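Below is one structure, written out as structure tokens, with a few remarks after it.
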Amino acid sequence: MRGNILKSFIIKEFRQILRDNRMKMMLFGVPVLMLVIFGYAVNTDVVNIRMAVLDSSRSSDSRSFIEKFTASGYFLYAADAESPDMGGAALDRGDVDMFINIPYDFSDNLKRGKQTAVQIIVDGSDSSRSSVILAYISQITNDYSERFLEKSVMLTMRNRGTGTAISTGGITLEERTLFNPELKSRNFFLPAVLGLLVALITIMMTSMSVVKERESGTIEQIIVSPIKPLEFVAGKTLPFAIVGFADIVVITFVTIAWFRVPFNGSFILMLLCGGFYIICTLGVGLYISTISQTQQQAMLSTFLFFIPSIILSGFIFPIYAMPLVFRIITLANPMRYFIDITRGIFLKGVGVTMLWESMLALALLSVIFLALSVRRVNRRFE
């Protein structure tokens, strides 16, 4: 008898979802659309670095040095500078990202075995981008210096007035990058987008579904009906839990098939962890529904929870760089753990032995969030 009541309640929720074309678009179309936007628009790869060059040497050695940059695929020869002032002005206007000043005695010093200096000024307005550019410059200069054995090129790299000299020696580095060999930012961000989209859909839809019952006046009929609070919670959450799992499958498929993000782990493990995560987000959505009187309030409360969750999840900003107080706060953020899990499964192919801490934290948070939400719902039924 009780099972028939719950079954009827769940069927009613699915009918409401499927009869509304806008709701279907919100649940399945919007996640794919947002994934495409993130996949193409959110790109932190440092490429197409525009450079202005003042080549006072005008020798085969200086031309070879410049070709090292253009042949790397990262740098674009954007302008010739006739003087250091012209190079600085191009940086000020934002026409170029860096300025190379090669002295007239560049080739002569190399041939004589002397150390020569090349001035490179980098636009440091974007600190992360400029750091990557400086790393590229250092690598290219090391490669170029190998042609002259122990002879070296000393670079003076300056970020808007702060100069640091880097002397390249005879050390040869053999580099190997694990998990993301091509260093594509897409491979780093898209697995984490899965956590963002699942949270947004399940929290918003659950909270607004319950509030919609209140606005239409049917919540009072449900309260006086034979249905119990736990059956009400199950009836409201199970449909969106199924939708959450469907979104995980769809988003993962698009991420792998369309954007070619490597998937090296277990999909079953990701679904298991996704189950804990969905319980957390459904619990948050239920809790928001108990403190909201209108759908507008529910939507605003969702974003008030959602935006800080993104910032404190490690999606963009590394958690280890945050102050201690905020690092402690992140311990209560389920998105943090699910993003760690998705990146670990997608890129590293790790299993339970490496992810058990995040899985345990996610399981505990799912119990806590769901218990708090059920308690609030029970009070509304009393």
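We name chains A, B, ... following the order of the structure tokens; residues begin at 1 in each chain, and ligands are numbered from 1 as shown.
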Report task. Using only C-alpha atoms, determine which residues lie at most 12 Å from Tyr40 in chain A, disregarding the query and same-chain residues fewer than 4 positions distant; provide the list as a ChimeraX atom specification. Result -> /A:33-36,44-45,184-187,189-190,255,258-259
Output file for the residues above (N, CA and C atoms, as a short mmCIF file (atom, residue, chain, number, x, y, z; two decimals), in the first residue's frame):
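As a result, again26.cif now contains:
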data_model
loop_
_atom_site.label_atom_id
_atom_site.label_comp_id
_atom_site.auth_asym_id
_atom_site.auth_seq_id
_atom_site.Cartn_x
_atom_site.Cartn_y
_atom_site.Cartn_z
N LEU A 33 24.39 22.55 -23.63
CA LEU A 33 24.73 23.89 -24.14
C LEU A 33 25.82 24.54 -23.29
N MET A 34 25.69 24.44 -21.97
CA MET A 34 26.70 25.03 -21.09
C MET A 34 28.03 24.30 -21.22
N LEU A 35 27.98 22.99 -21.44
CA LEU A 35 29.22 22.23 -21.64
C LEU A 35 29.93 22.71 -22.90
N VAL A 36 29.18 22.95 -23.97
CA VAL A 36 29.78 23.44 -25.21
C VAL A 36 30.40 24.82 -24.99
N THR A 44 42.37 28.65 -21.11
CA THR A 44 43.49 29.39 -20.53
C THR A 44 44.83 28.98 -21.14
N ASP A 45 44.79 28.27 -22.29
CA ASP A 45 46.03 27.91 -22.96
C ASP A 45 46.74 29.18 -23.42
N LYS A 184 46.38 20.87 -22.20
CA LYS A 184 45.17 21.55 -22.64
C LYS A 184 44.32 21.91 -21.43
N SER A 185 43.93 23.18 -21.34
CA SER A 185 43.09 23.60 -20.23
C SER A 185 41.72 22.95 -20.32
N ARG A 186 41.28 22.61 -21.53
CA ARG A 186 39.98 21.94 -21.71
C ARG A 186 39.95 20.61 -20.96
N ASN A 187 41.05 19.87 -20.99
CA ASN A 187 41.10 18.58 -20.29
C ASN A 187 41.02 18.76 -18.78
N PHE A 189 39.37 21.51 -17.25
CA PHE A 189 38.12 22.15 -16.83
C PHE A 189 36.89 21.30 -17.08
N LEU A 190 36.81 20.61 -18.22
CA LEU A 190 35.56 19.94 -18.57
C LEU A 190 35.16 18.83 -17.61
N THR A 255 31.67 15.02 -23.45
CA THR A 255 33.04 15.41 -23.10
C THR A 255 34.06 14.50 -23.78
N TRP A 258 32.99 14.39 -28.17
CA TRP A 258 33.08 15.63 -28.93
C TRP A 258 34.38 16.39 -28.64
N PHE A 259 34.69 16.55 -27.35
CA PHE A 259 35.87 17.33 -26.98
C PHE A 259 37.14 16.50 -26.82
#
Report task. Might you pull out every residue within 10 Å of range 313-327 of chain A, with only C-alpha atoms counted and same-chain residues fewer than 4 positions away left off, and present them as an MDAnalysis selection string? Result -> chainID A and resid 188:193 195:196 307:309 331:340
Query raised in the report: Using only C-alpha atoms, which residues sit within 9 Å of range 369-371 of chain A once same-chain residues fewer than 5 positions away are excluded, as a PyMOL selection string?
Result: chain A and resi 279-284+286-287+364+376
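Proximity of A:Val32, A:Met270, A:Ile140, A:Ile102 to Val254 in chain A, computed with only C-alpha atoms, is greatest for A:Val32.
For the pair CA of Leu91 in chain A and CA of Ser64 in chain A, the interatomic distance is 23.7 Å.
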Which residues in range 56-124 of chain A does DSSP call helix (DSSP H, G or I)? List them as a PDB file with N, CA and C atoms, in the first residue's frame.
ATOM      1  N   SER A  60      72.806  36.403 -38.962  1.00  0.00           N
ATOM      2  CA  SER A  60      72.176  35.091 -39.091  1.00  0.00           C
ATOM      3  C   SER A  60      71.896  34.482 -37.724  1.00  0.00           C
ATOM      4  N   ASP A  61      72.758  34.778 -36.737  1.00  0.00           N
ATOM      5  CA  ASP A  61      72.542  34.256 -35.383  1.00  0.00           C
ATOM      6  C   ASP A  61      71.307  34.880 -34.743  1.00  0.00           C
ATOM      7  N   SER A  62      71.123  36.175 -34.901  1.00  0.00           N
ATOM      8  CA  SER A  62      69.948  36.833 -34.309  1.00  0.00           C
ATOM      9  C   SER A  62      68.670  36.376 -34.990  1.00  0.00           C
ATOM     10  N   ARG A  63      68.737  36.212 -36.333  1.00  0.00           N
ATOM     11  CA  ARG A  63      67.553  35.714 -37.044  1.00  0.00           C
ATOM     12  C   ARG A  63      67.216  34.291 -36.608  1.00  0.00           C
ATOM     13  N   SER A  64      68.261  33.495 -36.405  1.00  0.00           N
ATOM     14  CA  SER A  64      68.038  32.130 -35.928  1.00  0.00           C
ATOM     15  C   SER A  64      67.419  32.138 -34.535  1.00  0.00           C
ATOM     16  N   PHE A  65      67.854  33.066 -33.701  1.00  0.00           N
ATOM     17  CA  PHE A  65      67.296  33.188 -32.346  1.00  0.00           C
ATOM     18  C   PHE A  65      65.815  33.547 -32.402  1.00  0.00           C
ATOM     19  N   ILE A  66      65.443  34.478 -33.271  1.00  0.00           N
ATOM     20  CA  ILE A  66      64.043  34.888 -33.401  1.00  0.00           C
ATOM     21  C   ILE A  66      63.201  33.749 -33.960  1.00  0.00           C
ATOM     22  N   GLU A  67      63.772  33.007 -34.924  1.00  0.00           N
ATOM     23  CA  GLU A  67      63.034  31.889 -35.518  1.00  0.00           C
ATOM     24  C   GLU A  67      62.745  30.797 -34.497  1.00  0.00           C
ATOM     25  N   LYS A  68      63.571  30.685 -33.465  1.00  0.00           N
ATOM     26  CA  LYS A  68      63.296  29.733 -32.383  1.00  0.00           C
ATOM     27  C   LYS A  68      61.944  30.019 -31.738  1.00  0.00           C
ATOM     28  N   PHE A  69      61.603  31.288 -31.611  1.00  0.00           N
ATOM     29  CA  PHE A  69      60.332  31.676 -31.006  1.00  0.00           C
ATOM     30  C   PHE A  69      59.181  31.418 -31.961  1.00  0.00           C
ATOM     31  N   THR A  70      59.300  31.885 -33.196  1.00  0.00           N
ATOM     32  CA  THR A  70      58.183  31.754 -34.140  1.00  0.00           C
ATOM     33  C   THR A  70      57.930  30.301 -34.522  1.00  0.00           C
ATOM     34  N   PRO A  84      63.951  51.034 -28.592  1.00  0.00           N
ATOM     35  CA  PRO A  84      63.360  50.505 -27.355  1.00  0.00           C
ATOM     36  C   PRO A  84      62.085  51.221 -26.952  1.00  0.00           C
ATOM     37  N   ASP A  85      62.023  52.529 -27.241  1.00  0.00           N
ATOM     38  CA  ASP A  85      60.812  53.281 -26.886  1.00  0.00           C
ATOM     39  C   ASP A  85      59.597  52.785 -27.668  1.00  0.00           C
ATOM     40  N   MET A  86      59.818  52.427 -28.937  1.00  0.00           N
ATOM     41  CA  MET A  86      58.693  51.923 -29.739  1.00  0.00           C
ATOM     42  C   MET A  86      58.207  50.586 -29.204  1.00  0.00           C
ATOM     43  N   GLY A  87      59.146  49.749 -28.754  1.00  0.00           N
ATOM     44  CA  GLY A  87      58.746  48.478 -28.166  1.00  0.00           C
ATOM     45  C   GLY A  87      57.954  48.667 -26.887  1.00  0.00           C
ATOM     46  N   GLY A  88      58.402  49.598 -26.039  1.00  0.00           N
ATOM     47  CA  GLY A  88      57.676  49.883 -24.802  1.00  0.00           C
ATOM     48  C   GLY A  88      56.307  50.469 -25.069  1.00  0.00           C
ATOM     49  N   ALA A  89      56.201  51.322 -26.096  1.00  0.00           N
ATOM     50  CA  ALA A  89      54.905  51.918 -26.435  1.00  0.00           C
ATOM     51  C   ALA A  89      53.934  50.857 -26.932  1.00  0.00           C
ATOM     52  N   ALA A  90      54.436  49.875 -27.697  1.00  0.00           N
ATOM     53  CA  ALA A  90      53.572  48.792 -28.178  1.00  0.00           C
ATOM     54  C   ALA A  90      53.039  47.973 -27.009  1.00  0.00           C
ATOM     55  N   LEU A  91      53.872  47.759 -25.984  1.00  0.00           N
ATOM     56  CA  LEU A  91      53.405  47.065 -24.776  1.00  0.00           C
ATOM     57  C   LEU A  91      52.351  47.885 -24.051  1.00  0.00           C
ATOM     58  N   ASP A  92      52.581  49.194 -23.950  1.00  0.00           N
ATOM     59  CA  ASP A  92      51.624  50.065 -23.245  1.00  0.00           C
ATOM     60  C   ASP A  92      50.263  50.056 -23.923  1.00  0.00           C
ATOM     61  N   ARG A  93      50.265  50.040 -25.251  1.00  0.00           N
ATOM     62  CA  ARG A  93      48.992  50.052 -25.990  1.00  0.00           C
ATOM     63  C   ARG A  93      48.309  48.693 -25.986  1.00  0.00           C
ATOM     64  N   PHE A 106      75.395  40.989 -30.525  1.00  0.00           N
ATOM     65  CA  PHE A 106      74.882  39.677 -30.161  1.00  0.00           C
ATOM     66  C   PHE A 106      75.683  38.560 -30.836  1.00  0.00           C
ATOM     67  N   SER A 107      75.815  38.612 -32.153  1.00  0.00           N
ATOM     68  CA  SER A 107      76.503  37.563 -32.890  1.00  0.00           C
ATOM     69  C   SER A 107      77.989  37.543 -32.586  1.00  0.00           C
ATOM     70  N   ASP A 108      78.619  38.732 -32.517  1.00  0.00           N
ATOM     71  CA  ASP A 108      80.061  38.806 -32.261  1.00  0.00           C
ATOM     72  C   ASP A 108      80.409  38.180 -30.914  1.00  0.00           C
ATOM     73  N   ASN A 109      79.615  38.479 -29.899  1.00  0.00           N
ATOM     74  CA  ASN A 109      79.898  37.923 -28.565  1.00  0.00           C
ATOM     75  C   ASN A 109      79.763  36.402 -28.553  1.00  0.00           C
ATOM     76  N   LEU A 110      78.746  35.882 -29.274  1.00  0.00           N
ATOM     77  CA  LEU A 110      78.585  34.423 -29.319  1.00  0.00           C
ATOM     78  C   LEU A 110      79.766  33.756 -30.009  1.00  0.00           C
ATOM     79  N   LYS A 111      80.220  34.357 -31.097  1.00  0.00           N
ATOM     80  CA  LYS A 111      81.340  33.765 -31.829  1.00  0.00           C
ATOM     81  C   LYS A 111      82.635  33.835 -31.030  1.00  0.00           C
TER      82      LYS A 111
END
**Report entry** Two-atom distance - CA of Ser366 in chain A, CA of Cys273 in chain A (Å)
**Finding:**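 Separation of CA of Ser366 in chain A and CA of Cys273 in chain A: 10.7 Å.
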